[in-house]
Structures are given as C-alpha cells and as structure tokens.
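Text of structure00.tsv (TSV, C-alpha atoms) as supplied:
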```
chain	number	residue	atom	x	y	z
J	275	MET	CA	41.38	-12.88	0.01
J	276	SER	CA	40.08	-11.04	3.08
J	277	LYS	CA	36.37	-10.46	3.56
J	278	LYS	CA	34.93	-7.04	2.76
J	279	ARG	CA	34.12	-5.20	5.96
J	280	VAL	CA	30.74	-3.49	6.44
J	281	ILE	CA	29.41	-1.28	9.24
J	282	VAL	CA	25.74	-1.97	10.00
J	283	GLY	CA	23.79	0.78	11.70
J	284	MET	CA	21.87	-1.07	14.39
J	285	SER	CA	18.85	0.45	16.11
J	286	GLY	CA	18.05	-2.60	18.21
J	287	GLY	CA	15.06	-3.33	15.99
J	288	VAL	CA	14.15	-6.26	13.77
J	289	ASP	CA	15.20	-4.83	10.42
J	290	SER	CA	18.70	-3.65	11.27
J	291	SER	CA	19.30	-6.93	13.11
J	292	VAL	CA	18.27	-8.89	10.02
J	293	ALA	CA	20.45	-6.67	7.82
J	294	ALA	CA	23.47	-7.64	9.93
J	295	THR	CA	22.44	-11.30	9.81
J	296	LEU	CA	22.08	-11.38	6.03
J	297	LEU	CA	25.38	-9.62	5.39
J	298	LYS	CA	27.23	-12.05	7.62
J	299	GLU	CA	25.61	-14.95	5.75
J	300	GLN	CA	26.75	-13.35	2.48
J	301	GLY	CA	30.35	-13.49	3.66
J	302	TYR	CA	30.99	-9.93	4.82
J	303	GLU	CA	32.93	-9.10	7.95
J	304	VAL	CA	30.17	-7.32	9.85
J	305	ILE	CA	30.58	-4.77	12.63
J	306	GLY	CA	27.44	-3.60	14.36
J	307	VAL	CA	27.34	0.10	15.26
J	308	THR	CA	24.75	2.05	17.23
J	309	LEU	CA	24.75	5.82	17.05
J	310	VAL	CA	23.77	7.13	20.48
J	311	LEU	CA	21.86	10.30	19.64
J	312	LEU	CA	19.17	11.11	22.19
J	313	PRO	CA	20.07	13.88	24.65
J	314	GLU	CA	20.13	12.49	28.16
J	315	GLU	CA	17.05	14.49	29.19
J	316	CYS	CA	15.07	12.68	26.47
J	317	GLU	CA	16.26	9.17	27.28
J	318	SER	CA	14.18	8.77	30.40
J	319	ASP	CA	11.06	9.51	28.33
J	320	ARG	CA	12.00	7.29	25.40
J	321	PRO	CA	14.26	4.42	26.56
J	322	ASP	CA	12.83	2.35	23.69
J	323	ALA	CA	13.84	4.82	20.96
J	324	CYS	CA	15.99	3.72	18.02
J	325	CYS	CA	18.98	5.66	19.31
J	326	GLY	CA	18.53	5.33	23.06
J	327	ILE	CA	19.39	3.03	25.95
J	328	GLN	CA	17.26	0.04	24.92
J	329	ALA	CA	18.62	0.20	21.37
J	330	VAL	CA	22.15	-0.29	22.66
J	331	ASP	CA	21.19	-3.24	24.86
J	332	ASP	CA	19.18	-4.97	22.12
J	333	ALA	CA	21.79	-4.36	19.41
J	334	ARG	CA	24.59	-5.63	21.64
J	335	GLU	CA	22.65	-8.81	22.40
J	336	VAL	CA	21.98	-9.43	18.69
J	337	CYS	CA	25.65	-8.93	17.84
J	338	SER	CA	26.60	-11.37	20.57
J	339	ARG	CA	24.16	-13.90	19.12
J	340	LEU	CA	25.64	-13.41	15.63
J	341	ASP	CA	29.21	-13.43	17.00
J	342	ILE	CA	30.12	-10.10	15.41
J	343	ARG	CA	31.88	-7.03	16.77
J	344	TYR	CA	29.81	-4.22	18.23
J	345	GLN	CA	30.59	-0.59	18.97
J	346	THR	CA	28.74	2.59	19.93
J	347	PHE	CA	29.41	6.17	18.89
J	348	ASN	CA	28.09	9.10	20.90
J	349	PHE	CA	26.74	11.98	18.80
J	350	ARG	CA	24.24	13.42	21.27
J	351	HIS	CA	25.57	16.97	20.86
J	352	ILE	CA	25.25	16.87	17.09
J	353	PHE	CA	21.73	15.49	17.31
J	354	ARG	CA	20.70	18.26	19.66
J	355	ASP	CA	22.04	20.95	17.31
J	356	GLU	CA	21.05	19.43	13.97
J	357	ILE	CA	17.71	17.80	14.77
J	358	ILE	CA	16.08	19.09	17.95
J	359	GLU	CA	17.10	22.69	17.33
J	360	TYR	CA	15.94	22.41	13.71
J	361	PHE	CA	12.65	20.83	14.85
J	362	CYS	CA	11.90	23.76	17.14
J	363	LEU	CA	12.98	26.43	14.64
J	364	GLU	CA	10.77	24.99	11.91
J	365	TYR	CA	7.70	25.07	14.14
J	366	ASN	CA	8.59	28.64	15.14
J	367	ALA	CA	8.61	29.52	11.44
J	368	GLY	CA	5.11	28.10	10.96
J	369	LYS	CA	6.37	24.97	9.19
J	370	THR	CA	5.94	21.24	9.78
J	371	PRO	CA	9.41	19.69	10.16
J	372	ASN	CA	10.46	16.22	9.07
J	373	PRO	CA	13.26	15.28	11.48
J	374	CYS	CA	13.66	11.72	10.15
J	375	VAL	CA	14.62	12.86	6.64
J	376	ARG	CA	16.99	15.47	8.02
J	377	CYS	CA	18.55	13.00	10.46
J	378	ASN	CA	19.36	10.56	7.66
J	379	LYS	CA	21.08	13.30	5.67
J	380	ARG	CA	22.81	15.20	8.46
J	381	ILE	CA	23.58	12.50	11.03
J	382	LYS	CA	22.88	8.82	10.46
J	383	PHE	CA	24.51	8.27	7.09
J	384	PRO	CA	27.41	10.74	7.49
J	385	MET	CA	28.19	9.36	10.93
J	386	LEU	CA	28.02	5.77	9.70
J	387	VAL	CA	30.50	6.71	6.96
J	388	TYR	CA	32.64	8.34	9.65
J	389	ALA	CA	32.51	5.13	11.70
J	390	ALA	CA	33.34	3.08	8.61
J	391	ASP	CA	36.42	5.20	7.95
J	392	ILE	CA	37.59	4.83	11.56
J	393	LEU	CA	37.02	1.07	11.49
J	394	ASP	CA	38.51	0.67	8.01
J	395	ALA	CA	35.27	-0.61	6.44
J	396	GLU	CA	34.41	-0.34	2.76
J	397	TYR	CA	30.64	-0.25	3.18
J	398	ILE	CA	27.85	0.88	5.46
J	399	ALA	CA	24.43	-0.77	5.69
J	400	THR	CA	21.06	-0.19	7.32
J	401	GLY	CA	17.73	-2.00	7.59
J	402	HIS	CA	15.85	0.42	5.34
J	403	PHE	CA	13.39	-0.95	2.81
J	404	ALA	CA	14.94	0.67	-0.25
J	405	ARG	CA	17.34	-0.28	-3.05
J	406	ILE	CA	20.43	1.15	-4.72
J	407	ILE	CA	21.61	0.23	-8.21
J	408	LYS	CA	24.62	1.33	-10.25
J	409	ASP	CA	24.29	2.04	-13.94
J	410	ASP	CA	27.06	3.48	-16.10
J	411	GLY	CA	28.88	4.84	-13.07
J	412	THR	CA	25.83	6.57	-11.54
J	413	TYR	CA	24.04	5.34	-8.44
J	414	SER	CA	20.25	5.45	-8.19
J	415	LEU	CA	17.97	5.08	-5.19
J	416	LEU	CA	14.89	2.93	-5.81
J	417	LYS	CA	11.73	2.11	-3.92
J	418	GLY	CA	11.77	-1.03	-1.78
J	419	PHE	CA	9.88	-4.06	-3.09
J	420	ASP	CA	7.52	-3.95	-0.11
J	421	LYS	CA	5.25	-1.07	-1.10
J	422	LEU	CA	3.75	-0.87	2.38
J	423	LYS	CA	7.19	-0.42	3.95
J	424	ASP	CA	9.07	1.45	1.20
J	425	GLN	CA	11.33	4.01	2.91
J	426	SER	CA	12.93	5.69	-0.09
J	427	TYR	CA	11.03	8.89	0.77
J	428	PHE	CA	13.20	9.32	3.89
J	429	LEU	CA	16.40	8.80	1.89
J	430	PHE	CA	15.89	11.06	-1.13
J	431	ASP	CA	18.73	13.38	-0.11
J	432	LEU	CA	21.52	10.77	-0.14
J	433	ASP	CA	24.34	11.84	-2.45
J	434	GLN	CA	26.33	9.80	-4.95
J	435	SER	CA	29.31	9.38	-2.63
J	436	THR	CA	27.17	7.99	0.19
J	437	MET	CA	25.17	5.67	-2.08
J	438	SER	CA	28.40	4.26	-3.53
J	439	ARG	CA	29.19	2.84	-0.08
J	440	THR	CA	25.68	1.89	1.08
J	441	LEU	CA	24.02	-1.53	1.17
J	442	PHE	CA	20.30	-2.13	1.80
J	443	PRO	CA	19.99	-5.90	2.38
J	444	LEU	CA	16.21	-5.70	2.93
J	445	GLY	CA	15.44	-3.80	-0.27
J	446	GLU	CA	13.98	-6.82	-2.05
J	447	MET	CA	12.18	-8.21	1.00
J	448	THR	CA	8.96	-7.61	2.88
J	449	LYS	CA	8.48	-6.84	6.54
J	450	LYS	CA	7.08	-10.34	6.98
J	451	ASP	CA	10.28	-11.78	5.49
J	452	SER	CA	12.34	-9.74	7.94
J	453	ARG	CA	10.49	-11.03	11.00
J	454	GLN	CA	10.67	-14.63	9.75
J	455	ILE	CA	14.43	-14.38	9.27
J	456	ALA	CA	14.86	-12.88	12.74
J	457	GLU	CA	12.86	-15.76	14.21
J	458	LYS	CA	14.79	-18.34	12.17
J	459	TYR	CA	18.07	-17.08	13.63
J	460	CYS	CA	16.58	-16.93	17.14
J	461	LEU	CA	17.08	-13.19	17.46
J	462	HIS	CA	15.28	-12.02	20.57
J	463	VAL	CA	13.97	-8.92	18.76
J	464	HIS	CA	11.89	-10.87	16.21
J	465	LYS	CA	8.62	-9.81	17.88
J	466	LYS	CA	9.74	-6.33	18.89
J	467	PRO	CA	7.05	-3.79	17.90
J	468	GLU	CA	7.81	-0.95	15.54
J	469	SER	CA	7.80	2.60	16.82
J	470	GLN	CA	5.71	5.01	14.76
J	471	GLU	CA	6.78	8.00	16.85
J	472	ILE	CA	9.52	10.56	16.50
J	473	CYS	CA	12.36	9.18	18.60
J	474	PHE	CA	12.70	12.15	20.97
J	475	ILE	CA	8.99	12.74	21.66
J	476	LYS	CA	7.10	10.57	24.14
J	477	ASP	CA	3.68	9.24	23.13
J	478	ASN	CA	3.45	11.71	20.22
J	479	ARG	CA	2.82	14.51	22.71
J	480	TYR	CA	4.27	17.32	20.67
J	481	GLU	CA	2.82	20.07	22.85
J	482	ASN	CA	4.49	18.70	25.98
J	483	PHE	CA	7.82	18.55	24.18
J	484	LEU	CA	7.59	22.04	22.70
J	485	ARG	CA	6.51	23.56	26.00
J	486	GLN	CA	9.50	21.92	27.66
J	487	TRP	CA	12.07	23.00	25.06
J	488	MET	CA	10.83	26.49	24.15
J	489	PRO	CA	8.02	27.62	26.48
J	490	GLU	CA	8.65	31.30	25.78
J	491	LYS	CA	7.92	30.83	22.05
J	492	LEU	CA	4.37	29.53	22.40
J	493	VAL	CA	2.45	32.81	22.30
J	494	PRO	CA	-1.34	32.94	21.74
J	495	GLY	CA	-2.59	34.82	18.69
J	496	PRO	CA	-5.57	35.31	16.37
J	497	ILE	CA	-7.34	32.80	14.15
J	498	TYR	CA	-8.88	34.19	10.97
J	499	ASP	CA	-11.22	32.72	8.38
J	500	THR	CA	-10.30	33.01	4.70
J	501	SER	CA	-12.24	36.27	4.39
J	502	GLY	CA	-9.95	37.87	6.97
J	503	ARG	CA	-12.44	37.90	9.84
J	504	GLU	CA	-11.05	37.08	13.29
J	505	ILE	CA	-13.00	34.14	14.72
J	506	GLY	CA	-10.92	32.85	17.61
J	507	ALA	CA	-7.52	32.49	19.25
J	508	HIS	CA	-4.78	29.87	19.01
J	509	ARG	CA	-2.41	28.67	21.74
J	510	GLY	CA	0.80	29.17	19.76
J	511	ILE	CA	1.41	28.55	16.03
J	512	GLN	CA	3.87	25.76	16.90
J	513	LEU	CA	0.95	23.57	17.99
J	514	TYR	CA	-0.71	23.54	14.56
J	515	THR	CA	-0.04	22.15	11.12
J	516	ILE	CA	-1.69	22.46	7.72
J	517	GLY	CA	-4.84	20.35	7.48
J	518	GLN	CA	-5.29	20.07	11.24
J	519	ARG	CA	-8.83	20.15	12.58
J	520	ARG	CA	-8.51	19.18	16.23
J	521	GLY	CA	-7.18	21.75	18.65
J	522	THR	CA	-8.57	24.88	17.03
J	523	ARG	CA	-11.35	24.98	19.65
J	524	LEU	CA	-13.75	26.62	17.23
J	525	ALA	CA	-17.49	25.94	17.25
J	526	HIS	CA	-18.92	27.16	13.95
J	527	GLY	CA	-21.35	24.42	13.00
J	528	LYS	CA	-19.04	22.95	10.39
J	529	PRO	CA	-15.53	21.46	10.36
J	530	LEU	CA	-12.76	24.02	10.05
J	531	TYR	CA	-9.19	23.15	9.12
J	532	VAL	CA	-5.88	24.99	9.36
J	533	ILE	CA	-5.27	26.43	5.89
J	534	SER	CA	-2.18	28.53	6.52
J	535	ILE	CA	0.15	29.63	9.32
J	536	ASP	CA	1.87	33.03	9.37
J	537	ALA	CA	4.80	33.24	11.76
J	538	LYS	CA	5.35	36.95	11.10
J	539	THR	CA	1.89	37.92	12.36
J	540	ASN	CA	1.58	34.95	14.75
J	541	SER	CA	-1.75	34.08	13.14
J	542	ILE	CA	-3.58	31.12	11.67
J	543	VAL	CA	-6.12	30.96	8.85
J	544	VAL	CA	-8.81	28.27	8.91
J	545	GLY	CA	-11.33	27.25	6.29
J	546	ASN	CA	-13.35	24.50	4.69
J	547	ASP	CA	-11.83	21.22	3.57
J	548	SER	CA	-12.11	22.31	-0.07
J	549	GLU	CA	-9.84	25.26	0.69
J	550	LEU	CA	-7.02	22.90	1.67
J	551	PHE	CA	-6.45	21.91	-1.96
J	552	ALA	CA	-3.71	23.58	-4.00
J	553	ASP	CA	-2.45	23.19	-7.55
J	554	GLY	CA	1.21	22.85	-6.74
J	555	LEU	CA	4.15	23.79	-4.58
J	556	LEU	CA	7.52	25.45	-4.58
J	557	ALA	CA	10.38	23.25	-3.35
J	558	ALA	CA	13.69	24.63	-2.09
J	559	ASN	CA	17.07	23.01	-1.37
J	560	VAL	CA	16.29	20.53	-4.13
J	561	SER	CA	18.73	17.69	-4.76
J	562	TRP	CA	18.78	15.52	-7.87
J	563	GLN	CA	19.91	11.92	-7.52
J	564	ALA	CA	21.98	11.98	-10.71
J	565	GLY	CA	23.94	14.93	-9.31
J	566	LYS	CA	22.63	17.52	-11.77
J	567	LYS	CA	19.23	19.07	-12.43
J	568	PRO	CA	17.20	18.14	-15.52
J	569	GLU	CA	17.46	20.50	-18.47
J	570	SER	CA	13.70	20.87	-18.76
J	571	SER	CA	10.39	20.08	-17.07
J	572	GLU	CA	9.52	16.44	-16.48
J	573	THR	CA	6.36	14.56	-15.61
J	574	LEU	CA	7.12	12.64	-12.41
J	575	GLU	CA	5.32	11.06	-9.49
J	576	VAL	CA	5.51	13.31	-6.43
J	577	LYS	CA	4.94	12.44	-2.77
J	578	ILE	CA	4.31	15.40	-0.44
J	579	ARG	CA	4.57	13.35	2.78
J	580	TYR	CA	5.51	9.80	3.65
J	581	ASN	CA	1.97	8.37	3.73
J	582	HIS	CA	0.93	10.24	0.57
J	583	LYS	CA	0.19	7.83	-2.29
J	584	GLY	CA	2.18	9.89	-4.80
J	585	VAL	CA	0.57	11.62	-7.79
J	586	SER	CA	1.55	12.73	-11.27
J	587	ALA	CA	2.94	16.25	-11.57
J	588	LYS	CA	4.96	18.50	-13.85
J	589	VAL	CA	8.27	19.22	-12.12
J	590	SER	CA	10.12	22.26	-13.45
J	591	PRO	CA	13.63	23.13	-12.20
J	592	LEU	CA	13.79	26.90	-11.68
J	593	ASP	CA	17.46	27.04	-10.82
J	594	ARG	CA	20.05	24.78	-9.22
J	595	ASN	CA	18.23	24.50	-5.88
J	596	THR	CA	14.53	25.20	-6.47
J	597	ALA	CA	11.73	23.59	-8.44
J	598	GLU	CA	8.08	24.25	-9.18
J	599	VAL	CA	5.69	21.33	-8.94
J	600	LEU	CA	2.27	21.54	-10.63
J	601	PHE	CA	0.00	18.57	-9.94
J	602	HIS	CA	-2.25	17.12	-12.59
J	603	GLU	CA	-4.95	17.09	-9.90
J	604	PRO	CA	-5.01	19.51	-6.90
J	605	GLN	CA	-3.61	18.04	-3.69
J	606	ARG	CA	-4.77	18.44	-0.10
J	607	ALA	CA	-2.86	19.89	2.85
J	608	ILE	CA	0.50	20.80	1.34
J	609	ALA	CA	2.58	21.61	4.41
J	610	PRO	CA	5.67	23.84	4.25
J	611	GLY	CA	8.61	22.12	5.90
J	612	GLN	CA	7.76	18.65	4.64
J	613	ALA	CA	9.76	16.88	1.95
J	614	ALA	CA	8.46	16.62	-1.61
J	615	VAL	CA	10.06	13.60	-3.28
J	616	PHE	CA	10.09	13.04	-7.04
J	617	TYR	CA	9.92	9.56	-8.59
J	618	ASP	CA	10.55	8.37	-12.13
J	619	GLY	CA	8.82	5.00	-11.84
J	620	GLU	CA	10.70	3.07	-9.17
J	621	ILE	CA	13.64	5.47	-9.19
J	622	VAL	CA	13.98	8.48	-6.90
J	623	ALA	CA	14.69	11.34	-9.29
J	624	GLY	CA	15.19	13.89	-6.53
J	625	GLY	CA	13.37	15.93	-3.97
J	626	GLY	CA	13.31	19.09	-1.94
J	627	TRP	CA	11.68	20.88	0.96
J	628	ILE	CA	8.25	22.46	0.55
J	629	GLU	CA	8.42	26.24	0.84
J	630	ARG	CA	4.78	27.00	0.09
J	631	ALA	CA	1.72	25.85	-1.78
J	632	ILE	CA	0.96	27.64	-5.06
J	633	SER	CA	-2.13	28.15	-7.14
J	634	ARG	CA	-2.48	28.73	-10.87
J	635	LYS	CA	-4.82	31.57	-10.00
J	636	ASN	CA	-2.36	33.03	-7.51
J	637	PRO	CA	1.16	31.79	-8.35
J	638	SER	CA	2.78	33.85	-5.61
J	639	GLY	CA	1.09	31.72	-2.93
J	640	LEU	CA	-2.09	30.05	-1.79
J	641	PHE	CA	-3.29	33.14	0.12
```
Go ahead and express the file in the form of structure tokens.
Amino acid sequence: MSKKRVIVGMSGGVDSSVAATLLKEQGYEVIGVTLVLLPEECESDRPDACCGIQAVDDAREVCSRLDIRYQTFNFRHIFRDEIIEYFCLEYNAGKTPNPCVRCNKRIKFPMLVYAADILDAEYIATGHFARIIKDDGTYSLLKGFDKLKDQSYFLFDLDQSTMSRTLFPLGEMTKKDSRQIAEKYCLHVHKKPESQEICFIKDNRYENFLRQWMPEKLVPGPIYDTSGREIGAHRGIQLYTIGQRRGTRLAHGKPLYVISIDAKTNSIVVGNDSELFADGLLAANVSWQAGKKPESSETLEVKIRYNHKGVSAKVSPLDRNTAEVLFHEPQRAIAPGQAAVFYDGEIVAGGGWIERAISRKNPSGLF
C-alpha cells in the first residue's frame, strides 16, 4: 500500500521543520512547500520573514537534510491584495487589524490545499501548536497542549473542509520539545529565534510602513477627552489603537489612553484607564466551528486578543453572522478589528471580528 502524501507548509522555522520531520517518521510521504508571499519591496526589509527569501533557503536546506521533496508557490499578488491592502484599510477605518488570522483563513490554508490538490496529496500540515479531533463526523479545533504557545486563536476561522485535511503534529508538544527534536535530527534551524513581528513590517515600525504605503491617508486631527473638550492633536488615526498611551503627546498630569477612534470625524477620544473597560462587544462575520450557530446563548471563555488570558462571557448569537458578547467582568481595551474567539473548555466553539465595544448602560456603543 502506498504511503499517504502530505504537504507541509514550511516557513524555514523550527516548528514547521519539526512537523515535516515527525510526519516522515510516522510514515507519510512528505513534500515541503513554502508559500512566497512578501511583495518584493518588503523583502529587502524583512529577509528573515516566514514567507520571504530566508524562509525559502532554510526550508530547502531542511528538506534536503530530511531527503524529502521541496517546492515553492508564489502568491505575492494575492498577499498584497488580501493582507496588506486589508491592513491599511482597517487602520483607515479606525480599527486594529489582525493580519495573521486573516492570512491563515484567506491565504495560507487555502493555498496549501491548492498545492495539495496540484501535488495529489491527501493532507496538509503546519507547525502550529493546536489540535484537531473528529467526533461523529464533525471536526473540532482544540487548544495546543503548550498553553504558552497555543495558537488556536489564530486558526478559529478554519472550516470543516479544511480541518478534515489538516494535521498539526506539534499539537501535543511544547516549544521545548520542538527545539529538542530539531537538534536531535541535526536541523540547522534548531536555534533559530522566533519572530514576534508582523512579517511585512520591519522592527515593528508601523508608522514607517503606513507612511510608505499610504502617506496621503495620515491626516492630523483633533483629540478630545470624554467630556468632548478638544485637548490636543493627533498625527493620523492610523497611528493609534485602543488602550494606547504613548504617542498621544499630551501633558495633563495623569496618564491618558486612547478610548475610541472615529474615522468619520478623523478624531480620537482619550481618557483615564478606568474608562477603557467595557461590559461586552459586538462581533461580526462570526463563524461557528460545528458549521452552524447555537440555538441559544452560551457561557463560553472569550479571548479578545492573542495575549488575552480569556474570560467567562455570555455569548448570544444575534443572527447567522453576528453575536453579542457580555463579559462576567468588564474587560479592558476592546479594540475593533481584532478577533474575538470563543472557547468551550479546550475546544474552539467559534469566533468573529470585533465591531465595537458595548456597555449595559449604553448598548448602542461605548460612547
């Protein structure tokens, strides 16, 4: 009987390299694939990015070491349209985008499936720290065992069809395990540092990037306090996010934080830390892992950003694509544009994109 063939998305990093190693050891026919995504004008700034020049070189060397096939696919044009354009538009709308979540949904996983179909492979795999299980014909996404590295938040939008073909070999491992395996197999990337930056932005310098890609959109405007009094000027709403303190250039004897951003009036509202807390949020473009929305409200754990610890909340589907989330305890700095992910224990129940914060006192919005 022939081996089952699997396409492994390889970023040139430790985890994807170990994923390929483990699958080969398990008897799969492994083909390493790197999706080349960065526009050429970004590559010179980020040659070390997960989808750039260095990724190809490192992934190719690992595949040579493992004696497996390797291939690249160029999707730079799609990445520019689906990720960079989206990134800029979200900031123009006064939101805080999450390009990594969107990239998984719009590019990485669909394009890996595309590559698998071309190369006649049954499965795709990545080095994400997450798990997938099948129960009674339905696939569920679960948190990874390593709570410090769990990446299920970034994958909440995977559909049933994609999950049915996806393998996560590192789901029951820790980051330490991954590095030890890479060293055991003499993979040259075993000490390669992790990048904590967005792949197309150098040194986390968002302002430099935005001024390069859309200089005409960064227009100064007023800063108000929560009473409506104008107290300063901003340098462009795209340079601010909810909860931000630095960069407001305000000297008022006490810390002031960005409370809200209004793209229509090109204005920002700042206030005290206590004014950053809200009772809940409205999520749009909600997807449910089981493929259909719950019939009624549920108490779930909700994460409002990747490094958020997750808190208990009442999640109420409003229609097919929207949901209201009311936290048991008010939460700080709820940023429109970020993903809100719902968990039922270890299982990802669903998630959506934050439209706005809401208050029980003012259900139409925080301000």
Using 10 Å as the limit and counting only C-alpha atoms, can you tabulate each residue of range 468-559 of chain J that touches range 583-591 of chain J, with its shortest atom-to-atom distance in Å and the two atoms involved, as a Markdown table?
```
| residue | atom | partner | partner_atom | distance |
| --- | --- | --- | --- | --- |
| J:Asp553 | CA | J:Ala587 | CA | 9.7 |
| J:Gly554 | CA | J:Ala587 | CA | 8.4 |
| J:Leu555 | CA | J:Val589 | CA | 9.7 |
| J:Leu556 | CA | J:Ser590 | CA | 9.8 |
| J:Ala557 | CA | J:Pro591 | CA | 9.4 |
```
In Å to one decimal, how far is CA of Pro373 in chain J from CA of Ser561 in chain J?
17.3 Å
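When all atoms listed in the file are used to measure the gap to Glu504 in chain J, the shortest distance among J:Thr370, J:Thr448, J:Thr440, J:Ser541 belongs to J:Ser541.
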List the spatial neighbours of Met447 in chain J as a PyMOL selection string - criterion: any atom at most 9 Å away, all atoms listed in the file, same-chain residues fewer than 4 positions off excluded.
chain J and resi 403+418-420+443+451-452
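Minimum distance to Ala404 in chain J across J:Ile358, J:Val463, J:Ile542, J:Val622 (counting only C-alpha atoms) occurs at J:Val622.
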The distance between CA of Gly624 in chain J and CA of Cys362 in chain J is 25.9 Å
Can you list every residue of range 371-397 of chain J that has an atom at most 9 Å from range 433-436 of chain J, with its nearest atom pair and the distance in Å to one decimal, using all atoms listed in the file, ordered by chain then number, as JSON lines?
```
{"residue": "J:Lys379", "atom": "CA", "partner": "J:Asp433", "partner_atom": "CA", "distance": 8.9}
{"residue": "J:Phe383", "atom": "CA", "partner": "J:Thr436", "partner_atom": "CA", "distance": 7.4}
{"residue": "J:Pro384", "atom": "CA", "partner": "J:Thr436", "partner_atom": "CA", "distance": 7.8}
{"residue": "J:Val387", "atom": "CA", "partner": "J:Thr436", "partner_atom": "CA", "distance": 7.7}
```
Residue with smallest distance to Phe430 in chain J - pool J:Lys449, J:Lys577, J:Lys528, J:Arg339, counting all atoms listed in the file
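Among the listed residues, the smallest separation from Phe430 in chain J belongs to J:Lys577.
With all atoms listed in the file as the atoms that count, the minimum distance from Asn581 in chain J to the choices J:Asn540, J:Gln612, J:Thr346, J:Ser414 is reached by J:Gln612.
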Given all atoms listed in the file as the basis, pick out the residue of J:Leu386, J:Val560, J:Ile516, J:Val375 nearest to Val282 in chain J.
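Of the candidates, the smallest distance to Val282 in chain J is held by J:Leu386.
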